[in-house]
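Structure data (TSV, N, CA and C atoms) from input_16.tsv:
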```tsv
chain	number	residue	atom	x	y	z
S	1	MET	N	-23.49	-1.31	0.10
S	1	MET	CA	-22.67	-0.36	0.79
S	1	MET	C	-23.56	0.78	1.28
S	2	CYS	N	-23.34	1.20	2.48
S	2	CYS	CA	-24.21	2.20	3.09
S	2	CYS	C	-23.64	3.59	2.93
S	3	TRP	N	-24.39	4.45	2.34
S	3	TRP	CA	-24.05	5.86	2.29
S	3	TRP	C	-25.15	6.58	3.04
S	4	HIS	N	-24.91	6.99	4.22
S	4	HIS	CA	-25.93	7.70	4.97
S	4	HIS	C	-25.32	8.99	5.52
S	5	SER	N	-26.14	10.02	5.59
S	5	SER	CA	-25.67	11.31	6.06
S	5	SER	C	-25.66	11.35	7.57
S	6	GLN	N	-24.74	12.15	8.10
S	6	GLN	CA	-24.75	12.38	9.53
S	6	GLN	C	-25.93	13.30	9.84
S	7	PRO	N	-26.60	13.11	10.97
S	7	PRO	CA	-27.80	13.88	11.25
S	7	PRO	C	-27.58	15.38	11.34
S	8	ASP	N	-26.43	15.84	11.83
S	8	ASP	CA	-26.21	17.26	11.99
S	8	ASP	C	-25.26	17.85	10.96
S	9	SER	N	-25.16	17.25	9.79
S	9	SER	CA	-24.26	17.74	8.77
S	9	SER	C	-25.03	18.13	7.53
S	10	LYS	N	-24.29	18.66	6.57
S	10	LYS	CA	-24.91	19.02	5.30
S	10	LYS	C	-25.44	17.76	4.61
S	11	PRO	N	-26.48	17.87	3.79
S	11	PRO	CA	-27.06	16.68	3.15
S	11	PRO	C	-26.08	15.89	2.29
S	12	SER	N	-25.03	16.54	1.75
S	12	SER	CA	-24.11	15.82	0.88
S	12	SER	C	-22.97	15.15	1.65
S	13	ALA	N	-22.86	15.40	2.94
S	13	ALA	CA	-21.78	14.81	3.73
S	13	ALA	C	-22.10	13.36	4.06
S	14	PHE	N	-21.07	12.55	4.17
S	14	PHE	CA	-21.24	11.15	4.47
S	14	PHE	C	-20.65	10.84	5.84
S	15	ALA	N	-21.22	9.84	6.49
S	15	ALA	CA	-20.74	9.45	7.81
S	15	ALA	C	-19.36	8.81	7.69
S	16	PRO	N	-18.48	9.06	8.65
S	16	PRO	CA	-17.18	8.41	8.59
S	16	PRO	C	-17.30	6.91	8.84
S	17	TYR	N	-16.35	6.16	8.36
S	17	TYR	CA	-16.29	4.71	8.52
S	17	TYR	C	-17.44	3.99	7.81
S	18	SER	N	-18.08	4.64	6.86
S	18	SER	CA	-19.19	4.06	6.10
S	18	SER	C	-20.16	3.32	7.01
S	19	CYS	N	-20.24	2.01	6.97
S	19	CYS	CA	-21.22	1.26	7.76
S	19	CYS	C	-20.59	0.55	8.94
S	20	PHE	N	-19.41	0.92	9.32
S	20	PHE	CA	-18.69	0.23	10.38
S	20	PHE	C	-18.64	1.08	11.64
S	21	ALA	N	-18.42	0.42	12.75
S	21	ALA	CA	-18.39	1.12	14.02
S	21	ALA	C	-17.13	1.96	14.18
S	22	ASN	N	-16.04	1.53	13.56
S	22	ASN	CA	-14.80	2.30	13.67
S	22	ASN	C	-13.92	2.02	12.45
S	23	ALA	N	-12.81	2.75	12.39
S	23	ALA	CA	-11.92	2.64	11.23
S	23	ALA	C	-11.24	1.26	11.15
S	24	ARG	N	-10.98	0.66	12.30
S	24	ARG	CA	-10.32	-0.65	12.29
S	24	ARG	C	-11.20	-1.69	11.60
S	25	GLN	N	-12.49	-1.69	11.88
S	25	GLN	CA	-13.40	-2.65	11.23
S	25	GLN	C	-13.44	-2.42	9.73
S	26	GLU	N	-13.38	-1.17	9.31
S	26	GLU	CA	-13.39	-0.86	7.88
S	26	GLU	C	-12.12	-1.37	7.21
S	27	ILE	N	-10.98	-1.22	7.87
S	27	ILE	CA	-9.71	-1.71	7.33
S	27	ILE	C	-9.74	-3.23	7.21
S	28	VAL	N	-10.22	-3.91	8.25
S	28	VAL	CA	-10.30	-5.38	8.23
S	28	VAL	C	-11.21	-5.84	7.09
S	29	ALA	N	-12.35	-5.20	6.93
S	29	ALA	CA	-13.29	-5.58	5.86
S	29	ALA	C	-12.66	-5.38	4.49
S	30	GLU	N	-11.94	-4.28	4.29
S	30	GLU	CA	-11.32	-4.03	3.00
S	30	GLU	C	-10.19	-5.02	2.71
S	31	VAL	N	-9.40	-5.33	3.72
S	31	VAL	CA	-8.31	-6.30	3.53
S	31	VAL	C	-8.88	-7.67	3.17
S	32	PHE	N	-9.93	-8.09	3.88
S	32	PHE	CA	-10.56	-9.38	3.54
S	32	PHE	C	-11.15	-9.35	2.14
S	33	ARG	N	-11.84	-8.27	1.78
S	33	ARG	CA	-12.44	-8.17	0.45
S	33	ARG	C	-11.38	-8.27	-0.63
S	34	LYS	N	-10.28	-7.56	-0.48
S	34	LYS	CA	-9.24	-7.58	-1.49
S	34	LYS	C	-8.52	-8.93	-1.53
S	35	THR	N	-8.30	-9.54	-0.37
S	35	THR	CA	-7.62	-10.84	-0.33
S	35	THR	C	-8.45	-11.92	-1.02
S	36	PHE	N	-9.72	-12.02	-0.65
S	36	PHE	CA	-10.55	-13.08	-1.23
S	36	PHE	C	-10.91	-12.80	-2.68
S	37	SER	N	-11.01	-11.55	-3.08
S	37	SER	CA	-11.22	-11.24	-4.49
S	37	SER	C	-10.02	-11.66	-5.31
S	38	PHE	N	-8.82	-11.40	-4.78
S	38	PHE	CA	-7.61	-11.79	-5.48
S	38	PHE	C	-7.52	-13.31	-5.63
S	39	LEU	N	-7.85	-14.04	-4.56
S	39	LEU	CA	-7.84	-15.50	-4.63
S	39	LEU	C	-8.86	-16.02	-5.64
S	40	SER	N	-10.02	-15.37	-5.72
S	40	SER	CA	-11.03	-15.76	-6.69
S	40	SER	C	-10.55	-15.51	-8.12
S	41	ILE	N	-9.85	-14.41	-8.33
S	41	ILE	CA	-9.30	-14.12	-9.65
S	41	ILE	C	-8.29	-15.19	-10.04
S	42	ILE	N	-7.44	-15.59	-9.11
S	42	ILE	CA	-6.45	-16.64	-9.40
S	42	ILE	C	-7.13	-17.96	-9.74
S	43	GLY	N	-8.11	-18.37	-8.94
S	43	GLY	CA	-8.81	-19.63	-9.19
S	43	GLY	C	-9.55	-19.64	-10.51
S	44	SER	N	-10.26	-18.57	-10.81
S	44	SER	CA	-11.00	-18.50	-12.07
S	44	SER	C	-10.05	-18.42	-13.26
S	45	SER	N	-8.92	-17.74	-13.09
S	45	SER	CA	-7.94	-17.66	-14.17
S	45	SER	C	-7.37	-19.05	-14.47
S	46	TYR	N	-7.18	-19.86	-13.44
S	46	TYR	CA	-6.70	-21.22	-13.66
S	46	TYR	C	-7.71	-22.02	-14.48
S	47	ILE	N	-9.00	-21.87	-14.18
S	47	ILE	CA	-10.03	-22.59	-14.93
S	47	ILE	C	-10.03	-22.14	-16.38
S	48	VAL	N	-9.96	-20.82	-16.61
S	48	VAL	CA	-9.95	-20.30	-17.97
S	48	VAL	C	-8.73	-20.84	-18.72
S	49	ALA	N	-7.56	-20.80	-18.09
S	49	ALA	CA	-6.34	-21.29	-18.74
S	49	ALA	C	-6.44	-22.78	-19.05
S	50	ASP	N	-7.04	-23.55	-18.17
S	50	ASP	CA	-7.17	-24.99	-18.37
S	50	ASP	C	-8.07	-25.30	-19.57
S	51	VAL	N	-9.19	-24.60	-19.67
S	51	VAL	CA	-10.10	-24.83	-20.80
S	51	VAL	C	-9.46	-24.38	-22.10
S	52	ILE	N	-8.77	-23.25	-22.09
S	52	ILE	CA	-8.12	-22.77	-23.31
S	52	ILE	C	-6.99	-23.72	-23.72
S	53	ARG	N	-6.23	-24.23	-22.75
S	53	ARG	CA	-5.17	-25.19	-23.04
S	53	ARG	C	-5.74	-26.47	-23.65
S	54	THR	N	-6.87	-26.93	-23.13
S	54	THR	CA	-7.52	-28.12	-23.67
S	54	THR	C	-7.94	-27.87	-25.12
S	55	ARG	N	-8.47	-26.71	-25.37
S	55	ARG	CA	-8.92	-26.36	-26.73
S	55	ARG	C	-7.73	-26.21	-27.68
S	56	ARG	N	-6.64	-25.65	-27.17
S	56	ARG	CA	-5.46	-25.43	-27.99
S	56	ARG	C	-4.78	-26.74	-28.37
S	57	ASN	N	-4.92	-27.76	-27.56
S	57	ASN	CA	-4.33	-29.07	-27.85
S	57	ASN	C	-5.21	-29.90	-28.77
S	58	ASP	N	-6.13	-29.27	-29.46
S	58	ASP	CA	-7.04	-29.91	-30.41
S	58	ASP	C	-7.89	-30.98	-29.78
S	59	LYS	N	-8.18	-30.82	-28.50
S	59	LYS	CA	-9.11	-31.72	-27.84
S	59	LYS	C	-10.47	-31.04	-27.80
S	60	ALA	N	-11.48	-31.83	-27.93
S	60	ALA	CA	-12.83	-31.27	-27.89
S	60	ALA	C	-13.20	-30.89	-26.45
S	61	THR	N	-13.95	-29.81	-26.32
S	61	THR	CA	-14.44	-29.42	-25.00
S	61	THR	C	-15.93	-29.74	-24.94
S	62	ASP	N	-16.35	-30.22	-23.81
S	62	ASP	CA	-17.78	-30.51	-23.66
S	62	ASP	C	-18.51	-29.25	-23.18
S	63	PRO	N	-19.83	-29.26	-23.24
S	63	PRO	CA	-20.59	-28.07	-22.84
S	63	PRO	C	-20.30	-27.62	-21.40
S	64	TYR	N	-20.04	-28.57	-20.52
S	64	TYR	CA	-19.72	-28.23	-19.13
S	64	TYR	C	-18.47	-27.34	-19.08
S	65	GLN	N	-17.44	-27.69	-19.83
S	65	GLN	CA	-16.20	-26.90	-19.83
S	65	GLN	C	-16.43	-25.51	-20.42
S	66	ARG	N	-17.24	-25.43	-21.47
S	66	ARG	CA	-17.51	-24.12	-22.07
S	66	ARG	C	-18.32	-23.23	-21.13
S	67	ILE	N	-19.26	-23.82	-20.40
S	67	ILE	CA	-20.03	-23.06	-19.42
S	67	ILE	C	-19.11	-22.59	-18.30
S	68	MET	N	-18.21	-23.47	-17.85
S	68	MET	CA	-17.27	-23.09	-16.79
S	68	MET	C	-16.31	-22.00	-17.27
S	69	LEU	N	-15.96	-22.01	-18.55
S	69	LEU	CA	-15.12	-20.96	-19.11
S	69	LEU	C	-15.81	-19.61	-19.01
S	70	CYS	N	-17.07	-19.56	-19.44
S	70	CYS	CA	-17.81	-18.30	-19.38
S	70	CYS	C	-18.10	-17.87	-17.95
S	71	LEU	N	-18.46	-18.82	-17.09
S	71	LEU	CA	-18.71	-18.51	-15.68
S	71	LEU	C	-17.45	-17.96	-15.03
S	72	SER	N	-16.31	-18.55	-15.32
S	72	SER	CA	-15.05	-18.08	-14.75
S	72	SER	C	-14.67	-16.71	-15.29
S	73	THR	N	-14.97	-16.46	-16.55
S	73	THR	CA	-14.69	-15.14	-17.14
S	73	THR	C	-15.50	-14.06	-16.43
S	74	PHE	N	-16.78	-14.30	-16.21
S	74	PHE	CA	-17.60	-13.33	-15.48
S	74	PHE	C	-17.15	-13.22	-14.02
S	75	ASP	N	-16.67	-14.30	-13.44
S	75	ASP	CA	-16.17	-14.24	-12.07
S	75	ASP	C	-14.91	-13.39	-12.00
S	76	ILE	N	-14.04	-13.49	-12.99
S	76	ILE	CA	-12.85	-12.65	-13.02
S	76	ILE	C	-13.25	-11.19	-13.11
S	77	LEU	N	-14.24	-10.90	-13.94
S	77	LEU	CA	-14.73	-9.53	-14.07
S	77	LEU	C	-15.28	-9.01	-12.74
S	78	PHE	N	-16.16	-9.77	-12.11
S	78	PHE	CA	-16.77	-9.34	-10.86
S	78	PHE	C	-15.74	-9.26	-9.73
S	79	SER	N	-14.86	-10.23	-9.65
S	79	SER	CA	-13.84	-10.23	-8.60
S	79	SER	C	-12.86	-9.07	-8.77
S	80	SER	N	-12.59	-8.71	-10.01
S	80	SER	CA	-11.72	-7.55	-10.25
S	80	SER	C	-12.37	-6.27	-9.75
S	81	VAL	N	-13.65	-6.13	-10.00
S	81	VAL	CA	-14.38	-4.96	-9.51
S	81	VAL	C	-14.41	-4.96	-7.98
S	82	CYS	N	-14.61	-6.13	-7.38
S	82	CYS	CA	-14.59	-6.21	-5.91
S	82	CYS	C	-13.21	-5.89	-5.37
S	83	PHE	N	-12.17	-6.33	-6.06
S	83	PHE	CA	-10.80	-6.04	-5.62
S	83	PHE	C	-10.53	-4.54	-5.65
S	84	LEU	N	-11.00	-3.87	-6.70
S	84	LEU	CA	-10.81	-2.43	-6.78
S	84	LEU	C	-11.64	-1.70	-5.72
S	85	GLY	N	-12.77	-2.31	-5.35
S	85	GLY	CA	-13.59	-1.86	-4.23
S	85	GLY	C	-13.68	-0.38	-4.02
S	86	THR	N	-13.24	0.07	-2.86
S	86	THR	CA	-13.40	1.47	-2.49
S	86	THR	C	-12.45	2.39	-3.24
S	87	TRP	N	-11.45	1.86	-3.94
S	87	TRP	CA	-10.57	2.74	-4.71
S	87	TRP	C	-11.36	3.49	-5.77
S	88	LEU	N	-12.41	2.89	-6.31
S	88	LEU	CA	-13.21	3.56	-7.34
S	88	LEU	C	-14.33	4.42	-6.77
S	89	THR	N	-14.53	4.38	-5.47
S	89	THR	CA	-15.56	5.18	-4.82
S	89	THR	C	-15.12	6.64	-4.78
S	90	PRO	N	-16.03	7.59	-5.00
S	90	PRO	CA	-15.63	9.00	-4.95
S	90	PRO	C	-14.98	9.37	-3.62
S	91	LYS	N	-13.89	10.12	-3.70
S	91	LYS	CA	-13.16	10.47	-2.49
S	91	LYS	C	-13.96	11.38	-1.57
S	92	GLU	N	-14.99	12.04	-2.10
S	92	GLU	CA	-15.83	12.90	-1.27
S	92	GLU	C	-16.62	12.12	-0.23
S	93	THR	N	-16.75	10.80	-0.42
S	93	THR	CA	-17.51	10.00	0.52
S	93	THR	C	-16.78	9.81	1.83
S	94	GLY	N	-15.47	9.94	1.81
S	94	GLY	CA	-14.68	9.76	3.02
S	94	GLY	C	-14.42	8.31	3.37
S	95	TRP	N	-14.71	7.40	2.45
S	95	TRP	CA	-14.46	5.98	2.71
S	95	TRP	C	-12.98	5.72	2.68
S	96	LEU	N	-12.58	4.65	3.33
S	96	LEU	CA	-11.19	4.25	3.39
S	96	LEU	C	-10.66	3.99	1.98
S	97	TRP	N	-9.53	4.58	1.65
S	97	TRP	CA	-8.83	4.39	0.38
S	97	TRP	C	-9.64	4.80	-0.84
S	98	SER	N	-10.65	5.63	-0.70
S	98	SER	CA	-11.42	6.05	-1.86
S	98	SER	C	-10.69	7.18	-2.57
S	99	VAL	N	-10.45	7.00	-3.87
S	99	VAL	CA	-9.74	7.99	-4.66
S	99	VAL	C	-10.44	8.25	-6.00
S	100	GLY	N	-11.61	7.68	-6.20
S	100	GLY	CA	-12.29	7.78	-7.49
S	100	GLY	C	-13.11	9.03	-7.64
S	101	ASN	N	-13.97	9.01	-8.65
S	101	ASN	CA	-14.92	10.09	-8.90
S	101	ASN	C	-16.25	9.46	-9.29
S	102	THR	N	-17.22	10.28	-9.66
S	102	THR	CA	-18.54	9.72	-9.98
S	102	THR	C	-18.50	8.85	-11.23
S	103	ASN	N	-17.62	9.17	-12.19
S	103	ASN	CA	-17.53	8.33	-13.39
S	103	ASN	C	-16.96	6.95	-13.06
S	104	SER	N	-15.92	6.90	-12.24
S	104	SER	CA	-15.36	5.59	-11.87
S	104	SER	C	-16.36	4.79	-11.05
S	105	CYS	N	-17.15	5.48	-10.23
S	105	CYS	CA	-18.17	4.79	-9.44
S	105	CYS	C	-19.26	4.21	-10.34
S	106	SER	N	-19.68	4.98	-11.34
S	106	SER	CA	-20.69	4.49	-12.28
S	106	SER	C	-20.16	3.31	-13.09
S	107	THR	N	-18.91	3.39	-13.51
S	107	THR	CA	-18.29	2.29	-14.24
S	107	THR	C	-18.21	1.04	-13.37
S	108	GLN	N	-17.84	1.23	-12.12
S	108	GLN	CA	-17.79	0.11	-11.18
S	108	GLN	C	-19.17	-0.52	-11.02
S	109	GLY	N	-20.20	0.30	-10.91
S	109	GLY	CA	-21.56	-0.22	-10.79
S	109	GLY	C	-21.97	-1.02	-12.02
S	110	PHE	N	-21.64	-0.51	-13.21
S	110	PHE	CA	-21.99	-1.21	-14.44
S	110	PHE	C	-21.34	-2.59	-14.48
S	111	PHE	N	-20.02	-2.66	-14.21
S	111	PHE	CA	-19.33	-3.94	-14.29
S	111	PHE	C	-19.70	-4.87	-13.14
S	112	THR	N	-20.13	-4.32	-12.01
S	112	THR	CA	-20.63	-5.16	-10.93
S	112	THR	C	-21.90	-5.87	-11.35
S	113	VAL	N	-22.83	-5.12	-11.93
S	113	VAL	CA	-24.09	-5.72	-12.38
S	113	VAL	C	-23.83	-6.70	-13.52
S	114	LEU	N	-22.97	-6.32	-14.45
S	114	LEU	CA	-22.66	-7.21	-15.58
S	114	LEU	C	-22.04	-8.53	-15.07
S	115	GLY	N	-21.08	-8.43	-14.17
S	115	GLY	CA	-20.44	-9.63	-13.64
S	115	GLY	C	-21.39	-10.51	-12.86
S	116	LEU	N	-22.22	-9.89	-12.01
S	116	LEU	CA	-23.18	-10.66	-11.21
S	116	LEU	C	-24.23	-11.33	-12.08
S	117	MET	N	-24.75	-10.61	-13.06
S	117	MET	CA	-25.77	-11.19	-13.93
S	117	MET	C	-25.18	-12.33	-14.78
S	118	GLY	N	-23.96	-12.13	-15.28
S	118	GLY	CA	-23.31	-13.18	-16.05
S	118	GLY	C	-23.07	-14.43	-15.21
S	119	GLU	N	-22.59	-14.23	-13.98
S	119	GLU	CA	-22.39	-15.38	-13.09
S	119	GLU	C	-23.71	-16.08	-12.78
S	120	PHE	N	-24.73	-15.29	-12.51
S	120	PHE	CA	-26.05	-15.86	-12.19
S	120	PHE	C	-26.59	-16.68	-13.35
S	121	LEU	N	-26.52	-16.14	-14.56
S	121	LEU	CA	-27.08	-16.84	-15.72
S	121	LEU	C	-26.28	-18.10	-16.05
S	122	TYR	N	-24.96	-18.04	-15.94
S	122	TYR	CA	-24.17	-19.24	-16.22
S	122	TYR	C	-24.29	-20.27	-15.10
S	123	GLN	N	-24.53	-19.84	-13.87
S	123	GLN	CA	-24.84	-20.81	-12.80
S	123	GLN	C	-26.13	-21.53	-13.12
S	124	MET	N	-27.12	-20.80	-13.64
S	124	MET	CA	-28.40	-21.44	-14.04
S	124	MET	C	-28.15	-22.42	-15.18
S	125	ALA	N	-27.34	-22.03	-16.16
S	125	ALA	CA	-27.04	-22.92	-17.28
S	125	ALA	C	-26.31	-24.17	-16.80
S	126	LEU	N	-25.45	-24.01	-15.83
S	126	LEU	CA	-24.70	-25.14	-15.29
S	126	LEU	C	-25.59	-26.13	-14.56
S	127	SER	N	-26.66	-25.62	-13.95
S	127	SER	CA	-27.54	-26.50	-13.18
S	127	SER	C	-28.57	-27.24	-14.05
S	128	LEU	N	-28.68	-26.88	-15.30
S	128	LEU	CA	-29.64	-27.56	-16.18
S	128	LEU	C	-29.17	-28.91	-16.62
```
Now that the file is in, can you turn its structure into structure tokens?
Amino acid sequence: MCWHSQPDSKPSAFAPYSCFANARQEIVAEVFRKTFSFLSIIGSSYIVADVIRTRRNDKATDPYQRIMLCLSTFDILFSSVCFLGTWLTPKETGWLWSVGNTNSCSTQGFFTVLGLMGEFLYQMALSL
């Protein structure tokens, strides 16, 4: 995400529309981000529920299913952070729908890195 100052403004001011040419492009990008994040949460939740249901029925799970369980859990985490998107961004930035503060932004950054690293590592485990 681009945070750049306007050339003739105070150093702490941010450019409107973040990295987009206009407000319409920013709205379209946010709607797509929230839509596809929500769909990812639904898909990963289905995988988690399926593996847990298999385990609950006293059936053994193979390593592939356990890796998919963990991968889907990290995907739910990361997709949730993506869904919250600009809502957690400090409102001083002027981004669309930003209502957060620096603490919510830092928390979002932590869970973004945690989710991405978890997905990356479990993707590597899946490919072995």
Fewer than 6 positions away in the same chain doesn't count, so skip those; otherwise give me all residues within 7 Å of Ser72 of chain S, counting only C-alpha atoms, as an MDAnalysis selection string. chainID S and resid 44 47:48
Computed interatomic separation between atom CA of Gly118 of chain S and atom C of Tyr64 of chain S (Å):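 Atom-to-atom, atom CA of Gly118 of chain S to atom C of Tyr64 of chain S, that is 15.3 Å.
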Which one is closest to Glu30 of chain S: S:Leu88, S:Leu121, S:Cys82, S:Val113? Count only C-alpha atoms.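 Of S:Leu88, S:Leu121, S:Cys82, S:Val113, the one nearest Glu30 of chain S, counting only C-alpha atoms, is S:Cys82.
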Backbone DSSP call of alpha helix (DSSP H) for chain S, listed as a PyMOL selection string: chain S and resi 23-56+63-84+102-127
Point-to-point distance in Å for atom C of Trp97 of chain S and atom C of Arg24 of chain S: 14.1 Å
What's the 8 Å shell around Val51 of chain S, counting all atoms listed in the file, without same-chain residues fewer than 2 positions away, as a PyMOL selection string? chain S and resi 45-49+53-57+61+65-66+68-69
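Taking atom N of Cys105 of chain S and atom CA of Thr89 of chain S as the two end points, the separation is 5.6 Å.
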Contacts of Leu71 of chain S at 8 Å (only C-alpha atoms; same-chain gap of 6+ positions) as an MDAnalysis selection string: chainID S and resid 118:119 122:123
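Using only N, CA and C atoms for every distance, the candidate list S:Gly43, S:Gly100, S:Pro63, S:Gly109 yields S:Gly109 as the residue closest to Val81 of chain S.
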Exercise: Ala29 of chain S partners within 12 Å, only C-alpha atoms, chain neighbours under 6 positions left out, as a list in words: Met1, Tyr17, Ser18, Cys19, Phe20, Ala21, Asn22, Ala23, Thr35, Phe36, Ser37, Cys82, Phe83, Gly85, Thr86 and Leu96 of chain S
